[in-house]
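Structure file target.txt with compact mmCIF, C-alpha atoms and all ligand atoms:
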```txt
# COMPACT_ATOMS: atom_id res chain seq x y z
CA MET A 800 -67.68 20.79 -112.16
CA THR A 801 -65.91 19.51 -115.28
CA GLY A 802 -65.11 16.25 -113.43
CA PHE A 803 -61.52 15.14 -114.05
CA SER A 804 -61.00 11.67 -112.60
CA SER A 805 -57.86 10.82 -110.64
CA GLN A 806 -57.56 7.71 -112.88
CA TRP A 807 -57.35 9.89 -116.02
CA LEU A 808 -54.84 12.26 -114.38
CA SER A 809 -52.70 9.34 -113.25
CA LEU A 810 -52.80 7.76 -116.74
CA ARG A 811 -51.53 10.96 -118.37
CA GLU A 812 -48.92 11.86 -115.74
CA SER A 813 -45.89 10.19 -117.30
CA ALA A 814 -46.71 11.53 -120.80
CA ASP A 815 -47.13 14.99 -119.28
CA HIS A 816 -43.79 14.77 -117.49
CA ARG A 817 -42.00 13.56 -120.66
CA ALA A 818 -43.53 16.31 -122.80
CA ARG A 819 -42.50 19.29 -120.65
CA ASN A 820 -40.05 21.58 -122.37
CA VAL A 821 -36.67 21.09 -120.69
CA ALA A 822 -35.05 24.30 -121.98
CA LEU A 823 -37.89 26.49 -120.69
CA ARG A 824 -37.87 24.71 -117.33
CA GLN A 825 -34.16 25.46 -117.12
CA GLU A 826 -34.98 29.17 -117.57
CA VAL A 827 -37.29 28.92 -114.56
CA VAL A 828 -34.56 27.21 -112.53
CA GLN A 829 -32.02 29.85 -113.57
CA HIS A 830 -34.42 32.67 -112.70
CA PHE A 831 -34.70 31.48 -109.10
CA GLU A 832 -30.97 30.77 -108.78
CA ASP A 833 -30.24 34.33 -109.99
CA LYS A 834 -32.90 35.76 -107.71
CA GLN A 835 -31.50 33.97 -104.68
CA ALA A 836 -27.97 35.18 -105.48
CA GLU A 837 -29.23 38.74 -106.10
CA LEU A 838 -31.25 39.00 -102.88
CA GLY A 839 -28.72 37.14 -100.78
CA LYS A 840 -31.81 35.38 -99.42
CA SER A 841 -31.26 32.99 -96.56
CA GLU A 842 -30.85 29.48 -97.87
CA HIS A 843 -33.67 28.37 -95.59
CA ALA A 844 -36.38 30.81 -96.75
CA PRO A 845 -38.70 28.50 -98.70
CA LEU A 846 -39.70 29.30 -102.27
CA LYS A 847 -43.45 29.95 -102.18
CA ILE A 848 -45.33 28.35 -105.07
CA THR A 849 -49.07 28.25 -105.77
CA ASP A 850 -50.37 25.66 -108.25
CA LEU A 851 -53.75 26.38 -109.90
CA GLY A 852 -56.02 23.43 -110.75
CA CYS A 853 -53.57 21.02 -109.11
CA GLY A 854 -55.55 17.81 -109.67
CA THR A 855 -53.60 15.06 -107.89
CA GLY A 856 -50.38 17.12 -107.62
CA SER A 857 -48.60 16.05 -110.83
CA ASN A 858 -47.10 19.52 -111.37
CA LEU A 859 -45.41 19.47 -107.96
CA ARG A 860 -44.02 15.98 -108.62
CA ALA A 861 -42.63 17.16 -111.97
CA LEU A 862 -41.08 20.41 -110.77
CA ALA A 863 -39.95 20.02 -107.17
CA GLU A 864 -36.62 18.35 -107.94
CA PHE A 865 -35.52 21.36 -110.03
CA LEU A 866 -36.42 24.06 -107.51
CA PRO A 867 -34.49 25.19 -104.40
CA ALA A 868 -33.99 22.95 -101.37
CA TYR A 869 -36.81 24.54 -99.33
CA GLN A 870 -40.23 24.83 -100.95
CA HIS A 871 -43.71 25.74 -99.75
CA TRP A 872 -46.48 24.71 -102.16
CA THR A 873 -50.13 25.71 -102.01
CA LEU A 874 -52.14 23.28 -104.14
CA ILE A 875 -55.48 24.68 -105.27
CA ASP A 876 -58.40 22.82 -106.80
CA TYR A 877 -62.16 23.04 -106.38
CA ASP A 878 -62.61 19.28 -106.31
CA PRO A 879 -62.18 17.91 -102.74
CA ALA A 880 -61.77 14.33 -104.05
CA LEU A 881 -58.78 15.42 -106.17
CA LEU A 882 -57.23 17.32 -103.25
CA SER A 883 -57.54 14.21 -101.14
CA ALA A 884 -56.04 12.07 -103.96
CA ALA A 885 -53.19 14.62 -104.24
CA ARG A 886 -52.43 14.20 -100.57
CA MET A 887 -52.34 10.40 -100.84
CA ALA A 888 -50.21 10.52 -104.03
CA LEU A 889 -47.68 12.88 -102.43
CA ILE A 890 -47.39 10.73 -99.30
CA LYS A 891 -46.61 7.77 -101.59
CA TRP A 892 -44.17 9.82 -103.72
CA ALA A 893 -42.17 11.34 -100.83
CA ASP A 894 -39.05 9.64 -99.49
CA HIS A 895 -40.19 10.54 -95.98
CA VAL A 896 -43.16 12.37 -94.45
CA THR A 897 -42.18 14.43 -91.40
CA ALA A 898 -45.66 15.76 -90.54
CA PRO A 899 -48.32 14.94 -89.73
CA LYS A 900 -47.07 11.96 -87.79
CA VAL A 901 -50.39 10.14 -88.23
CA ASP A 902 -52.17 10.62 -91.53
CA THR A 903 -55.66 11.88 -90.87
CA GLU A 904 -56.83 12.18 -94.50
CA THR A 905 -57.60 15.83 -93.79
CA ASN A 906 -56.30 18.86 -95.64
CA ALA A 907 -53.73 19.48 -92.88
CA GLU A 908 -50.32 20.76 -93.97
CA LEU A 909 -48.04 17.99 -95.24
CA ARG A 910 -44.29 18.18 -94.71
CA CYS A 911 -42.08 15.80 -96.65
CA LEU A 912 -38.60 15.10 -97.94
CA LYS A 913 -37.87 14.11 -101.53
CA ASN A 914 -34.39 13.78 -102.99
CA GLY A 915 -33.01 16.06 -100.28
CA LYS A 916 -35.66 18.79 -100.81
CA GLN A 917 -37.81 19.88 -97.87
CA ILE A 918 -41.30 20.38 -99.22
CA THR A 919 -44.28 21.75 -97.30
CA VAL A 920 -47.68 21.38 -98.97
CA ASN A 921 -51.02 23.03 -98.20
CA PHE A 922 -54.22 21.81 -99.86
CA THR A 923 -56.79 24.51 -100.53
CA GLN A 924 -60.25 24.14 -101.98
CA VAL A 925 -61.07 27.21 -104.05
CA ASP A 926 -63.32 27.75 -107.07
CA LEU A 927 -60.89 29.70 -109.25
CA ALA A 928 -63.70 30.85 -111.54
CA LYS A 929 -64.97 32.98 -108.64
CA ASN A 930 -61.93 33.66 -106.51
CA ILE A 931 -58.89 34.14 -108.72
CA GLU A 932 -58.29 37.73 -107.51
CA SER A 933 -58.03 36.67 -103.85
CA VAL A 934 -55.62 33.84 -104.77
CA LEU A 935 -53.42 36.25 -106.75
CA ASP A 936 -53.48 38.73 -103.85
CA ASN A 937 -51.37 36.40 -101.71
CA SER A 938 -47.69 37.07 -102.21
CA VAL A 939 -45.91 34.12 -103.85
CA ASP A 940 -42.60 33.65 -105.64
CA LEU A 941 -44.08 31.55 -108.44
CA LEU A 942 -47.52 30.74 -109.76
CA THR A 943 -47.82 27.45 -111.66
CA ALA A 944 -50.45 25.45 -113.53
CA ALA A 945 -50.48 22.37 -115.75
CA ALA A 946 -53.12 21.44 -118.33
CA PHE A 947 -55.40 24.13 -116.92
CA PHE A 948 -55.57 27.28 -119.03
CA ASP A 949 -57.44 25.80 -122.01
CA LEU A 950 -60.45 25.41 -119.66
CA VAL A 951 -60.82 29.11 -118.91
CA SER A 952 -62.58 31.86 -120.86
CA PRO A 953 -61.05 34.93 -122.57
CA GLU A 954 -62.77 37.13 -119.95
CA TRP A 955 -61.24 35.10 -117.13
CA ILE A 956 -57.80 35.38 -118.79
CA THR A 957 -58.21 39.16 -118.77
CA ARG A 958 -59.13 39.14 -115.06
CA PHE A 959 -56.19 36.84 -114.36
CA CYS A 960 -53.66 38.93 -116.30
CA GLN A 961 -54.91 42.17 -114.68
CA SER A 962 -54.28 40.74 -111.19
CA LEU A 963 -51.09 38.74 -111.80
CA LYS A 964 -48.00 40.11 -110.05
CA ALA A 965 -45.79 37.03 -109.64
CA PRO A 966 -43.86 35.03 -112.26
CA LEU A 967 -46.08 32.47 -114.00
CA PHE A 968 -44.95 29.05 -115.23
CA THR A 969 -47.81 27.23 -116.90
CA VAL A 970 -47.24 24.01 -118.83
CA LEU A 971 -49.13 21.74 -121.22
CA THR A 972 -51.76 24.14 -122.50
CA TYR A 973 -53.53 22.41 -125.42
CA ASP A 974 -53.13 24.19 -128.79
CA GLY A 975 -55.62 22.23 -130.92
CA VAL A 976 -53.10 20.20 -132.98
CA GLU A 977 -53.82 16.46 -133.17
CA LYS A 978 -52.13 14.08 -135.61
CA TRP A 979 -53.07 10.41 -135.51
CA THR A 980 -51.33 7.63 -137.44
CA PRO A 981 -52.55 5.97 -139.58
CA ALA A 982 -54.80 8.76 -140.89
CA HIS A 983 -58.59 8.23 -140.90
CA PHE A 984 -61.16 9.90 -143.19
CA ALA A 985 -63.02 11.36 -140.15
CA ASP A 986 -59.94 12.84 -138.40
CA GLN A 987 -60.55 16.45 -139.42
CA SER A 988 -64.32 16.47 -138.85
CA VAL A 989 -63.90 14.78 -135.45
CA LEU A 990 -61.23 17.33 -134.50
CA ASN A 991 -63.46 20.25 -135.59
CA ALA A 992 -66.31 18.87 -133.47
CA PHE A 993 -63.95 18.32 -130.53
CA HIS A 994 -62.86 21.97 -130.77
CA ALA A 995 -66.51 23.03 -130.79
CA HIS A 996 -66.96 21.05 -127.57
CA GLN A 997 -63.78 22.57 -126.13
CA ALA A 998 -65.23 26.04 -126.67
CA THR A 999 -68.20 25.30 -124.38
CA ASP A 1000 -68.39 26.49 -120.77
CA LYS A 1001 -66.06 24.56 -118.43
CA GLY A 1002 -67.12 26.63 -115.44
CA PHE A 1003 -65.35 29.87 -116.42
CA GLY A 1004 -67.64 31.04 -119.27
CA LEU A 1005 -67.14 29.92 -122.90
CA SER A 1006 -63.64 28.42 -123.03
CA ALA A 1007 -60.68 29.95 -124.81
CA GLY A 1008 -59.58 26.37 -125.65
CA PRO A 1009 -56.67 26.26 -128.12
CA GLY A 1010 -56.62 30.10 -128.24
CA ALA A 1011 -55.73 30.45 -124.54
CA ILE A 1012 -51.97 30.41 -124.76
CA ASP A 1013 -51.81 33.25 -127.34
CA MET A 1014 -54.24 35.32 -125.30
CA ILE A 1015 -52.10 34.97 -122.16
CA LYS A 1016 -48.95 35.77 -124.11
CA THR A 1017 -50.46 38.89 -125.69
CA GLN A 1018 -52.03 40.20 -122.50
CA LEU A 1019 -49.01 39.64 -120.27
CA SER A 1020 -46.62 41.11 -122.88
CA THR A 1021 -48.67 44.32 -122.93
CA ARG A 1022 -48.64 44.34 -119.11
CA ASN A 1023 -44.89 44.50 -118.84
CA PHE A 1024 -44.08 40.82 -118.48
CA ASN A 1025 -41.27 39.09 -120.36
CA VAL A 1026 -43.02 36.09 -121.89
CA ARG A 1027 -41.31 32.96 -123.20
CA LEU A 1028 -43.11 30.10 -124.96
CA ALA A 1029 -41.91 26.60 -125.84
CA GLN A 1030 -43.56 23.49 -127.26
CA SER A 1031 -44.43 20.52 -125.05
CA HIS A 1032 -46.26 18.20 -127.45
CA TRP A 1033 -47.33 14.75 -126.39
CA LEU A 1034 -45.69 12.20 -128.72
CA LEU A 1035 -47.47 8.93 -127.99
CA HIS A 1036 -46.64 5.55 -129.51
CA ALA A 1037 -48.17 2.09 -129.25
CA PRO A 1038 -47.72 -0.20 -127.45
CA GLU A 1039 -46.24 1.72 -124.48
CA ASP A 1040 -48.78 4.59 -124.64
CA GLN A 1041 -51.72 2.55 -125.93
CA ALA A 1042 -53.81 2.80 -122.76
CA LEU A 1043 -53.46 6.60 -122.78
CA MET A 1044 -54.22 6.85 -126.53
CA GLN A 1045 -57.32 4.68 -126.08
CA ALA A 1046 -58.56 6.72 -123.12
CA LEU A 1047 -57.90 9.91 -125.07
CA ALA A 1048 -59.81 8.66 -128.12
CA THR A 1049 -62.70 7.44 -125.96
CA GLY A 1050 -62.90 10.79 -124.12
CA SER A 1051 -62.75 12.72 -127.41
CA ALA A 1052 -65.50 10.56 -128.97
CA GLU A 1053 -67.73 11.12 -125.92
CA ALA A 1054 -67.22 14.89 -126.17
CA VAL A 1055 -67.81 14.86 -129.95
CA ALA A 1056 -71.01 12.80 -129.57
CA GLN A 1057 -72.40 15.58 -127.33
CA THR A 1058 -72.00 18.09 -130.16
CA HIS A 1059 -74.19 16.04 -132.60
CA ARG A 1060 -71.91 17.23 -135.43
CA ILE A 1061 -70.75 13.80 -136.62
CA ALA A 1062 -72.87 10.90 -137.89
CA THR A 1063 -72.86 8.12 -135.29
CA ALA A 1064 -71.55 5.57 -137.85
CA ASP A 1065 -68.57 7.82 -138.75
CA LEU A 1066 -67.75 8.48 -135.09
CA THR A 1067 -67.95 4.75 -134.27
CA ALA A 1068 -65.63 3.95 -137.23
CA TRP A 1069 -63.21 6.68 -136.10
CA LEU A 1070 -63.12 5.40 -132.53
CA SER A 1071 -62.58 1.77 -133.64
CA ALA A 1072 -59.63 2.89 -135.79
CA ARG A 1073 -58.20 5.03 -133.00
CA MET A 1074 -58.29 2.12 -130.51
CA LEU A 1075 -55.68 0.55 -132.81
CA ALA A 1076 -53.71 3.72 -133.64
CA GLN A 1077 -49.93 3.45 -133.95
CA SER A 1078 -49.10 6.94 -132.73
CA CYS A 1079 -50.51 10.33 -131.99
CA GLU A 1080 -49.22 13.83 -131.43
CA ILE A 1081 -51.14 16.31 -129.29
CA GLY A 1082 -50.00 19.92 -129.34
CA HIS A 1083 -49.21 21.75 -126.09
CA TRP A 1084 -47.23 24.83 -125.05
CA ASP A 1085 -45.36 25.82 -121.90
CA LEU A 1086 -45.16 29.50 -120.94
CA PHE A 1087 -42.91 31.35 -118.50
CA ALA A 1088 -43.71 34.99 -117.79
CA ILE A 1089 -41.70 37.27 -115.50
CA PRO A 1090 -42.72 40.79 -114.48
CA ARG A 1091 -40.11 43.25 -115.79
C1 LIG A 1101 -56.78 18.77 -116.82
S1 LIG A 1101 -56.83 18.83 -115.10
C2 LIG A 1101 -55.12 19.11 -114.71
C3 LIG A 1101 -54.75 18.70 -113.33
C4 LIG A 1101 -53.28 18.82 -112.94
N1 LIG A 1101 -52.82 20.19 -113.04
C5 LIG A 1101 -52.42 17.91 -113.78
O1 LIG A 1101 -51.57 18.40 -114.55
O2 LIG A 1101 -52.56 16.68 -113.67
C6 LIG A 1101 -57.59 20.40 -114.72
C7 LIG A 1101 -57.75 20.65 -113.24
O3 LIG A 1101 -58.38 21.93 -113.03
C8 LIG A 1101 -59.31 21.80 -111.97
N2 LIG A 1101 -60.34 22.86 -112.11
C9 LIG A 1101 -61.22 22.99 -113.12
N3 LIG A 1101 -62.03 24.03 -112.88
C10 LIG A 1101 -61.65 24.57 -111.69
C11 LIG A 1101 -62.11 25.66 -110.90
N4 LIG A 1101 -63.15 26.43 -111.28
N5 LIG A 1101 -61.47 25.95 -109.75
C12 LIG A 1101 -60.40 25.18 -109.33
N6 LIG A 1101 -59.95 24.12 -110.03
C13 LIG A 1101 -60.54 23.82 -111.20
C14 LIG A 1101 -59.87 20.40 -112.14
O4 LIG A 1101 -60.51 19.91 -110.97
C15 LIG A 1101 -58.61 19.62 -112.53
O5 LIG A 1101 -57.93 19.16 -111.40
```

For the file at hand, write its structure as structure tokens.
Ligand SMILES: C[S@@+](CC[C@H](N)C(=O)[O-])C[C@H]1O[C@@H](n2cnc3c(N)ncnc32)[C@H](O)[C@@H]1O
Amino acid sequence: MTGFSSQWLSLRESADHRARNVALRQEVVQHFEDKQAELGKSEHAPLKITDLGCGTGSNLRALAEFLPAYQHWTLIDYDPALLSAARMALIKWADHVTAPKVDTETNAELRCLKNGKQITVNFTQVDLAKNIESVLDNSVDLLTAAAFFDLVSPEWITRFCQSLKAPLFTVLTYDGVEKWTPAHFADQSVLNAFHAHQATDKGFGLSAGPGAIDMIKTQLSTRNFNVRLAQSHWLLHAPEDQALMQALATGSAEAVAQTHRIATADLTAWLSARMLAQSCEIGHWDLFAIPR
């Protein structure tokens, strides 16, 4: 496992929610409003959404308020501790939990109300490196993911695109751009080493890393999907984002140290400077793809 901690996911959640591209999200909302009008679907038929690599459920918390009144989410992750943390976080986030009446800390279906939306959530432990085809076989209205696709390999992206039938809305895929202020002499060499670490195997074969979003766009476009891309960069500033910037710099330095590409003294100097950084921009993209 790549081991994402619920503390790290919780630290980045508000920056992730701020960074999401509002115009592209509106296209997703419009798509489902049009679809509902077109099909004359009963108001009560829930929109079925599957979220890949759900972590603690941040993507649901970001999106649910913009989707129709009745929603059925399947949250998928291979880490049981994160699925359990997702359950607890959603219970805390909801205005009211209608089922189960007594929380058992199991993966039982959760039914809740939030801002007038009726949301049913299933928690499913699946290793997506092995079982993506079976997940994509289930009929859903929308497949989502957040901060997930830069972990996977080009070969896995091909498997995924070959099997995808539903609309895909994936947000916050890292594109390799990092700009720290003030600049430091080791910025570029640290970034190059970080990218080398990113390209290692994160459980799916050698990672596509910053190349992932273009690969998905190209493959889905040739498979008859309409694909739309929009930027969702993190724009972080001290002091309000300092804890996130420091955790980010510490995590990057740990990854870079594993590559042995940077002299320890240079990496230590870089990390000390970054603990006091004024701002940083991290490049991400959101993508919405609809089968034609
Ligand atoms: C960067 S985190 C993003 C989590 C969440 N989507 C968010 O936005 O907070 C990547 C997630 O992918 C999950 N993941 C990584 N490899 C996986 C695999 N092979 N199968 C299922 N989930 C996986 C991790 O456990 C983690 O929750």

**OP:** Using CA of Gly856 in chain A and CA of Ala888 in chain A as the two end points, give the distance in Å to one decimal.
**Re:**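 Separation between CA of Gly856 in chain A and CA of Ala888 in chain A: 7.5 Å.
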
Subject >> Spatial neighbours of Trp955 in chain A, max dist 8 Å, all atoms listed in the file, sep filter under 6 positions, as a list in words >> reply: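 Returned residues: Ala928, Phe1003 and Gly1004 of chain A.
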
**OP:** Could I get the residue neighbourhood of ligand LIG 1101 (chain A) at 8 Å, counting all atoms listed in the file, as a PyMOL selection string?
**Re:** chain A and resi 800-803+808-809+811-812+815+850-858+875-878+881+924-929+944-947+950-951+971+1001-1003

**OP:** Could you tell me which of A:Ser804, A:Gln1030, A:Thr1063, A:Ser933 comes closest to Tyr973 in chain A if we count all atoms listed in the file?
**Re:** A:Gln1030

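Comparing A:Ser1020, A:Ser805, A:Gln825, A:Ser813 by their smallest distance to Leu882 in chain A, the closest is A:Ser805 (using only C-alpha atoms).
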
Original post:
What's the 10 Å shell around Leu1075 in chain A, counting only C-alpha atoms, without same-chain residues fewer than 3 positions away, as a list in words?
Top reply: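 Neighbouring residues, sequence-local ones excluded: Thr980, Pro981, Ala1037, Pro1038, Gln1041, Met1044, Gln1045, Leu1070, Ser1071, Ala1072 and Ser1078 of chain A.
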
Atoms to include: C-alpha atoms. Write the selected residues as an mmCIF file, in the coordinates of the input.
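Final output, part.cif:
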```
data_model
loop_
_atom_site.group_PDB
_atom_site.id
_atom_site.type_symbol
_atom_site.label_atom_id
_atom_site.label_comp_id
_atom_site.auth_asym_id
_atom_site.auth_seq_id
_atom_site.Cartn_x
_atom_site.Cartn_y
_atom_site.Cartn_z
ATOM 1 C CA THR A 980 -51.330 7.630 -137.440
ATOM 2 C CA PRO A 981 -52.550 5.970 -139.580
ATOM 3 C CA ALA A 1037 -48.170 2.090 -129.250
ATOM 4 C CA PRO A 1038 -47.720 -0.200 -127.450
ATOM 5 C CA GLN A 1041 -51.720 2.550 -125.930
ATOM 6 C CA MET A 1044 -54.220 6.850 -126.530
ATOM 7 C CA GLN A 1045 -57.320 4.680 -126.080
ATOM 8 C CA LEU A 1070 -63.120 5.400 -132.530
ATOM 9 C CA SER A 1071 -62.580 1.770 -133.640
ATOM 10 C CA ALA A 1072 -59.630 2.890 -135.790
ATOM 11 C CA SER A 1078 -49.100 6.940 -132.730
#
```

Subject >> Length of the CA of Arg886 in chain A to CA of Cys911 in chain A vector [Å] >> reply: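 Spanning CA of Arg886 in chain A to CA of Cys911 in chain A is a straight-line distance of 11.2 Å.
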
**OP:** Extract, using all atoms listed in the file, all DNA, RNA and protein residues at most 8 Å from range 1022-1029 of chain A, discarding same-chain residues fewer than 3 positions from it, and format them as a PyMOL selection string.
**Re:** chain A and resi 820+823+960-961+1016+1018-1019+1084-1091

Please identify all polymer residues within 10 Å of Leu866 in chain A, counting all atoms listed in the file, omitting same-chain residues fewer than 4 positions from it, and present them as an mmCIF file with C-alpha atoms, in the frame of the given file.
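What follows is the written file part-v4.cif:
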```cif
data_model
loop_
_atom_site.group_PDB
_atom_site.id
_atom_site.type_symbol
_atom_site.label_atom_id
_atom_site.label_comp_id
_atom_site.auth_asym_id
_atom_site.auth_seq_id
_atom_site.Cartn_x
_atom_site.Cartn_y
_atom_site.Cartn_z
ATOM 1 C CA ARG A 824 -37.870 24.710 -117.330
ATOM 2 C CA GLN A 825 -34.160 25.460 -117.120
ATOM 3 C CA VAL A 827 -37.290 28.920 -114.560
ATOM 4 C CA VAL A 828 -34.560 27.210 -112.530
ATOM 5 C CA GLN A 829 -32.020 29.850 -113.570
ATOM 6 C CA PHE A 831 -34.700 31.480 -109.100
ATOM 7 C CA GLU A 832 -30.970 30.770 -108.780
ATOM 8 C CA LEU A 846 -39.700 29.300 -102.270
ATOM 9 C CA LEU A 862 -41.080 20.410 -110.770
ATOM 10 C CA GLN A 870 -40.230 24.830 -100.950
ATOM 11 C CA LYS A 916 -35.660 18.790 -100.810
#
```

Find the residues around His1032 in chain A up to 7 Å (all atoms listed in the file counted), leave out those fewer than 2 positions away in its own chain, and share them as a PDB file with C-alpha atoms, in the frame of the given file.
```
ATOM      1  CA  ALA A 818     -43.530  16.310-122.800  1.00  0.00           C
ATOM      2  CA  GLN A1030     -43.560  23.490-127.260  1.00  0.00           C
ATOM      3  CA  LEU A1034     -45.690  12.200-128.720  1.00  0.00           C
ATOM      4  CA  GLU A1080     -49.220  13.830-131.430  1.00  0.00           C
ATOM      5  CA  ILE A1081     -51.140  16.310-129.290  1.00  0.00           C
ATOM      6  CA  GLY A1082     -50.000  19.920-129.340  1.00  0.00           C
ATOM      7  CA  HIS A1083     -49.210  21.750-126.090  1.00  0.00           C
TER       8      HIS A1083
END
```

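Residue nearest Gly1010 in chain A, chosen from A:Ala1052, A:Leu963, A:Glu1039, A:Ser952 and counting only C-alpha atoms: A:Ser952.
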
Subject >> Nearest to Leu1005 in chain A, chosen from A:His895, A:Lys978, A:Ile956, A:Ala1042, with only C-alpha atoms counted in the distances >> reply: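 So, comparing all the options, the nearest one is A:Ile956.
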
Original post:
Given the choices A:Thr972, A:Thr1049, A:Gln987, A:Gln1057, which gets closest to Gly1008 in chain A if the distance is worked out from all atoms listed in the file?
Top reply: A:Thr972

Original post:
Could you state the separation of CA of Gly839 in chain A and CA of Val896 in chain A in Å, given to one decimal place?
Top reply: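 CA of Val896 in chain A lies at a distance of 29.4 Å from CA of Gly839 in chain A.
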
Original post:
Which of these, A:Arg860, A:Arg910, A:Leu1043, A:Cys1079, has the shortest distance to Ala898 in chain A once you count all atoms listed in the file?
Top reply: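 Using all atoms listed in the file, the shortest distance to Ala898 in chain A belongs to A:Arg910.
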
**OP:** Around the point (-42.8, 22.2, -97.7) in the file's coordinates, collect all residues with an atom within 12 Å, using only C-alpha atoms, and return them as number ranges by chain.
**Re:** A: 843-849, 859, 863, 866-874, 889, 893, 896-898, 908-913, 915-922
